[in-house]
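Presented below is the structure to which this report refers.
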Amino acid sequence: MPTDEEVVQTAAEAAEGVIFDYYKQSAVRDFDVTVTFEEGVLDVDVYLNAPDAVERDSTGQQSTSADAVADEAAQAARDAVDDLFADS
C-alpha cells in the first residue's frame with residue numbers, strides 16, 4: 001500500500017509531465033498542481049497559464065487550449081495514482 005506522500009508525489013509528477021509534454025518550460029507563464037490525498041480520497045487541481053499548445057501531426061497543426069491541457073494533466077495524475085495502487 002503506497003503512503004500518502006507517494007500518492008501525492010506520483011500524481012504531481014504525472015500532471016507536470018503532461019504540461020511539459022505540451023509546452024517548453026519557457027512558454028508556461030504560471031502553473032500550479034495541487035494534490036491532496038486524505039482518508040483515501042484523491043483531489044487534483046491543475047491551474048495553467050500558458051498559450052494554447054500547437055500539436056503537429058501528419059494532417060498539419062492542431063491547437064489545444066491550455067484548459068484542455070490542464071484537464072488532461074489532472075486526469076493523468078488520477079490515472080497514475082490508480083496505477084500505483086494496482087501495482088501494490
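By order in the C-alpha cells, chains are A, B, ...; within a chain, residues start at 1; ligands start at 1, following the order shown.
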
> as a VMD selection string, which residues of chain A does DSSP assign to strand (DSSP E or B)?
Replying inline: chain A and resid 30 to 38 41 to 49 53 to 57 60 to 64

>> Quick one: residues within 12 Å of Ser26 of chain A, only C-alpha atoms, excluding same-chain residues fewer than 6 positions away - as a list in words?
In response: Ile19, Phe20, Asn49, Ala50 and Pro51 of chain A

Keeping C-alpha atoms, export the residues of the selection given above as a compact mmCIF listing (two decimals), in the first residue's frame.
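Once everything was written out, this is out_11.txt:
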```
# COMPACT_ATOMS: atom_id res chain seq x y z
CA ILE A 19 2.10 20.00 -19.03
CA PHE A 20 5.72 19.85 -20.17
CA ASN A 49 -1.42 29.97 -17.54
CA ALA A 50 0.08 29.35 -20.95
CA PRO A 51 -0.73 29.99 -24.59
```

Would you kindly return, as a tab-separated table (two decimals) with N, CA and C atoms, in the first residue's frame, each protein, DNA or RNA residue with an atom no farther than 12 Å from any atom of segment 3-9 of chain A, considering only C-alpha atoms and excluding same-chain residues fewer than 4 positions away?
```
chain	number	residue	atom	x	y	z
A	13	GLU	N	3.84	14.55	-10.18
A	13	GLU	CA	4.80	14.30	-11.26
A	13	GLU	C	4.10	13.98	-12.58
A	14	ALA	N	3.02	13.21	-12.51
A	14	ALA	CA	2.28	12.87	-13.73
A	14	ALA	C	1.66	14.12	-14.35
A	15	ALA	N	1.07	14.96	-13.53
A	15	ALA	CA	0.45	16.19	-14.04
A	15	ALA	C	1.49	17.11	-14.68
A	16	GLU	N	2.60	17.31	-13.99
A	16	GLU	CA	3.66	18.15	-14.54
A	16	GLU	C	4.21	17.57	-15.83
A	33	VAL	N	-0.02	22.79	-9.48
A	33	VAL	CA	-0.63	21.48	-9.33
A	33	VAL	C	-0.83	21.25	-7.85
A	34	THR	N	-2.08	21.16	-7.43
A	34	THR	CA	-2.40	20.93	-6.02
A	34	THR	C	-2.99	19.53	-5.90
A	35	VAL	N	-2.36	18.73	-5.06
A	35	VAL	CA	-2.81	17.35	-4.86
A	35	VAL	C	-2.98	17.11	-3.37
A	36	THR	N	-4.14	16.59	-3.01
A	36	THR	CA	-4.34	16.15	-1.64
A	36	THR	C	-4.84	14.71	-1.67
A	37	PHE	N	-4.45	13.98	-0.65
A	37	PHE	CA	-4.90	12.59	-0.51
A	37	PHE	C	-5.15	12.38	0.97
A	38	GLU	N	-6.41	12.41	1.32
A	38	GLU	CA	-6.81	12.27	2.72
A	38	GLU	C	-7.92	11.25	2.84
A	39	GLU	N	-7.74	10.33	3.76
A	39	GLU	CA	-8.74	9.29	4.03
A	39	GLU	C	-9.15	8.56	2.77
A	40	GLY	N	-8.16	8.30	1.90
A	40	GLY	CA	-8.41	7.55	0.69
A	40	GLY	C	-9.04	8.32	-0.45
A	41	VAL	N	-9.16	9.64	-0.30
A	41	VAL	CA	-9.78	10.46	-1.33
A	41	VAL	C	-8.71	11.34	-1.99
A	42	LEU	N	-8.58	11.20	-3.29
A	42	LEU	CA	-7.61	11.97	-4.07
A	42	LEU	C	-8.30	13.19	-4.66
A	43	ASP	N	-7.68	14.34	-4.49
A	43	ASP	CA	-8.18	15.58	-5.10
A	43	ASP	C	-7.03	16.21	-5.87
A	44	VAL	N	-7.25	16.46	-7.15
A	44	VAL	CA	-6.21	17.04	-8.01
A	44	VAL	C	-6.79	18.29	-8.67
A	45	ASP	N	-6.05	19.38	-8.55
A	45	ASP	CA	-6.44	20.64	-9.18
A	45	ASP	C	-5.23	21.17	-9.94
A	77	ALA	N	-2.83	12.54	-13.64
A	77	ALA	CA	-2.48	12.39	-12.23
A	77	ALA	C	-3.34	11.31	-11.58
A	78	ARG	N	-4.63	11.36	-11.86
A	78	ARG	CA	-5.54	10.35	-11.29
A	78	ARG	C	-5.19	8.95	-11.82
A	79	ASP	N	-4.92	8.86	-13.10
A	79	ASP	CA	-4.56	7.57	-13.70
A	79	ASP	C	-3.26	7.02	-13.11
A	80	ALA	N	-2.29	7.89	-12.88
A	80	ALA	CA	-1.01	7.45	-12.31
A	80	ALA	C	-1.21	6.90	-10.90
A	81	VAL	N	-2.10	7.51	-10.14
A	81	VAL	CA	-2.38	7.02	-8.79
A	81	VAL	C	-3.11	5.69	-8.86
A	82	ASP	N	-4.04	5.56	-9.79
A	82	ASP	CA	-4.72	4.27	-9.98
A	82	ASP	C	-3.69	3.17	-10.28
A	83	ASP	N	-2.74	3.47	-11.15
A	83	ASP	CA	-1.69	2.50	-11.50
A	83	ASP	C	-0.81	2.19	-10.29
A	84	LEU	N	-0.53	3.20	-9.48
A	84	LEU	CA	0.28	2.99	-8.28
A	84	LEU	C	-0.40	1.99	-7.33
A	85	PHE	N	-1.69	2.14	-7.15
A	85	PHE	CA	-2.42	1.22	-6.27
A	85	PHE	C	-2.55	-0.16	-6.92
A	88	SER	N	0.55	-2.20	-6.33
A	88	SER	CA	0.92	-2.56	-4.95
A	88	SER	C	0.14	-3.75	-4.44
```

> For Val18 of chain A, which residue out of A:Ala76, A:Ala86, A:Phe31, A:Ala66 is the nearest one, using only C-alpha atoms?
Replying inline: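 The closest residue to Val18 of chain A is A:Ala76.
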
> How would you write, as a ChimeraX atom specification, the set of residues in chain A that DSSP gives as helix (DSSP H, G or I)?
Replying inline: /A:4-22,25-27,66-87
